[in-house]
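One structure is given below, encoded as structure tokens.
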Amino acid sequence: MSTLPTFTGDASPFGGGDPYADYRSADFSFTQYVDLADRRLGAGVIAANDEFFAERENLLKPEPAEFDPEHFGHKGKIMDGWETRRRRGVSAAQPHPTDEDHDWALIRLGAPGVVRGIVVDTAHFRGNYPQAVSVAATSVAGSPSPEELLAPDVKWTTLVPRTAVGGHAANGFAVDVEQRFTHLRLNQHPDGGVARLRVYGEVAPDPRWLTALGTFDLAALENGGQVEDASDRFYSPATNTIQPGRSRKMDDGWETRRRRDKGNDWIRYQLAGQSEIRAVEIDTAYLKGNSAGWAALSVRDGESGQWSEVLPRTRLQPDTNHRFVLDAPAVGTHVRIDIFPDGGISRLRLFGSLTAEGAARLTARHQELGG
């Protein structure tokens, strides 16, 4: 585990104006990966030892934390995050908490995976953030209860050792543990508040589940698909195109800036494994005056394979789900969608199944990661 730019200490008290004006942050390279703790993937905060001031579920809200200086309740200031009460010692002679005292929350990842980086965001917690945080992870099959996860026989691996953090800051940590995890435990020492938790990494699906499904969406994040690159991410990330479910608003898809040249925009994907693609969905939901005009789809097998067009340039309609059955299965590991000339799509679905070679490679990788 290596730390990135570090923030410690209090932030200044809020003095009015834009509450993010003095927010401390940095560019973290690992944010290129998917957020494994995204609620859209099914993540959840399943337990916490204390949530007196603000509930644990706030940790995984997708949007940045908000701050309302006038928002108070019967328990005090209401914060957009997870905040515990102030810890106390055992007596007047020992009024301070011990070094071991801490609060914790259990997080179920939306998709099991390899963690590449973590952001513990203390936005707006200026003087009431934890002194330090630590993060551990485990891999438990099925849908374990909090009691089962906290059982003494469950093995937890440290991803972030106890580390001092700063208030009103994005505290980032790079992780280099090459294992597959299903749950995290976020500890704050000794108490305080955390606004958001982001867990960036690579989805590592269970090959037995995908084999049992037979036909599934080979590009979906939850099944191990990922965006490798895109020509433009100006308005929204290309990763939105392989999120679960249909888009619910315009910025829940992928939209590019307006082109003023004769080129076109594109996204390149890596599939769950070597696959046979048999059907395609290109959805432009909520993209009405800014959907792509045309789209084409190409497939290649392997990093050095040649691109082969499987869906020729086809007219798209705004706010419409387009379905195509391929004349013959397309075998490959990567897919590229080209849109003309610009605009966007909300979702891309590629239905098919793993080849024997793809299933074997996925199983081997699963075993390497301890699955």
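Going by the structure tokens order, chains are called A, B, ..., each with residues numbered from 1, while ligands are numbered from 1 in the order shown.
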
With a cut-off of 9 Å, could you pull out the residues of stretch 189-236 of chain A touching stretch 240-251 of chain A and give me the nearest pair of atoms for each, distance in Å to one decimal, using only C-alpha atoms, ordered by chain and ascending number, as a tab-separated table?
residue	atom	partner	partner_atom	distance
A:Ala219	CA	A:Ile242	CA	6.4
A:Ala220	CA	A:Ile242	CA	4.8
A:Leu221	CA	A:Ile242	CA	5.7
A:Glu222	CA	A:Pro244	CA	7.5
A:Gly225	CA	A:Ile242	CA	7.8
A:Gln226	CA	A:Ile242	CA	7.7
A:Val227	CA	A:Ile242	CA	8.3
A:Tyr235	CA	A:Asp251	CA	7.4
A:Ser236	CA	A:Asp251	CA	6.1

What are the closest atom pairs, with distances in Å to one decimal, for each residue of stretch 34-103 of chain A lying within 10 Å of stretch 130-137 of chain A, using only C-alpha atoms, rows by chain and rising residue number, as JSON lines?
{"residue": "A:Glu83", "atom": "CA", "partner": "A:Pro130", "partner_atom": "CA", "distance": 9.4}
{"residue": "A:Thr84", "atom": "CA", "partner": "A:Pro130", "partner_atom": "CA", "distance": 9.7}
{"residue": "A:His102", "atom": "CA", "partner": "A:Val133", "partner_atom": "CA", "distance": 9.1}
{"residue": "A:Asp103", "atom": "CA", "partner": "A:Pro130", "partner_atom": "CA", "distance": 9.4}

Counting only C-alpha atoms, figure out which residue out of A:Asp327, A:Pro207, A:Leu350, A:Asp229 gets nearest to A:Leu297. A:Leu350

Hey, can you check how far atom CA of A:Thr314 sits from atom CA of A:Gly214? 28.3 Å

Atomic separation - atom CA of A:Ile337 relative to atom CA of A:Pro312, Å: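 Separation of atom CA of A:Pro312 and atom CA of A:Ile337: 10.4 Å.
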
So which residues touch A:Thr363 within 12 Å, counting only C-alpha atoms, skipping near sequence neighbours fewer than 2 positions away, as a list in words? Ala204, Pro205, Asp206, Pro207, Arg208, Trp209, Leu210, Thr211, Ala272, Gly273, Leu354, Ala356, Glu357, Gly358, Ala359, Ala360, Arg361, Arg365, His366, Gln367, Glu368, Leu369, Gly370 and Gly371 of chain A

Export, as a tab-separated table (two decimals), in the first residue's frame, the selected residues with C-alpha atoms.
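again.tsv, freshly written:
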chain	number	residue	atom	x	y	z
A	204	ALA	CA	-13.54	-10.13	-10.77
A	205	PRO	CA	-16.71	-12.11	-11.52
A	206	ASP	CA	-17.37	-15.66	-10.41
A	207	PRO	CA	-16.89	-17.83	-13.54
A	208	ARG	CA	-19.29	-20.46	-12.19
A	209	TRP	CA	-22.06	-17.86	-12.10
A	210	LEU	CA	-21.39	-16.67	-15.64
A	211	THR	CA	-21.25	-20.26	-16.90
A	272	ALA	CA	-15.49	-10.34	-19.53
A	273	GLY	CA	-13.37	-12.82	-21.52
A	354	LEU	CA	-17.89	-17.14	-23.08
A	356	ALA	CA	-14.29	-22.49	-23.87
A	357	GLU	CA	-10.99	-20.63	-23.95
A	358	GLY	CA	-12.54	-17.53	-22.36
A	359	ALA	CA	-14.12	-19.57	-19.55
A	360	ALA	CA	-10.83	-21.40	-18.86
A	361	ARG	CA	-8.86	-18.14	-18.61
A	365	ARG	CA	-7.67	-15.84	-12.96
A	366	HIS	CA	-10.36	-16.43	-10.35
A	367	GLN	CA	-8.16	-19.06	-8.67
A	368	GLU	CA	-5.11	-16.77	-8.78
A	369	LEU	CA	-7.08	-14.15	-6.86
A	370	GLY	CA	-8.07	-16.63	-4.17
A	371	GLY	CA	-11.61	-17.23	-5.42
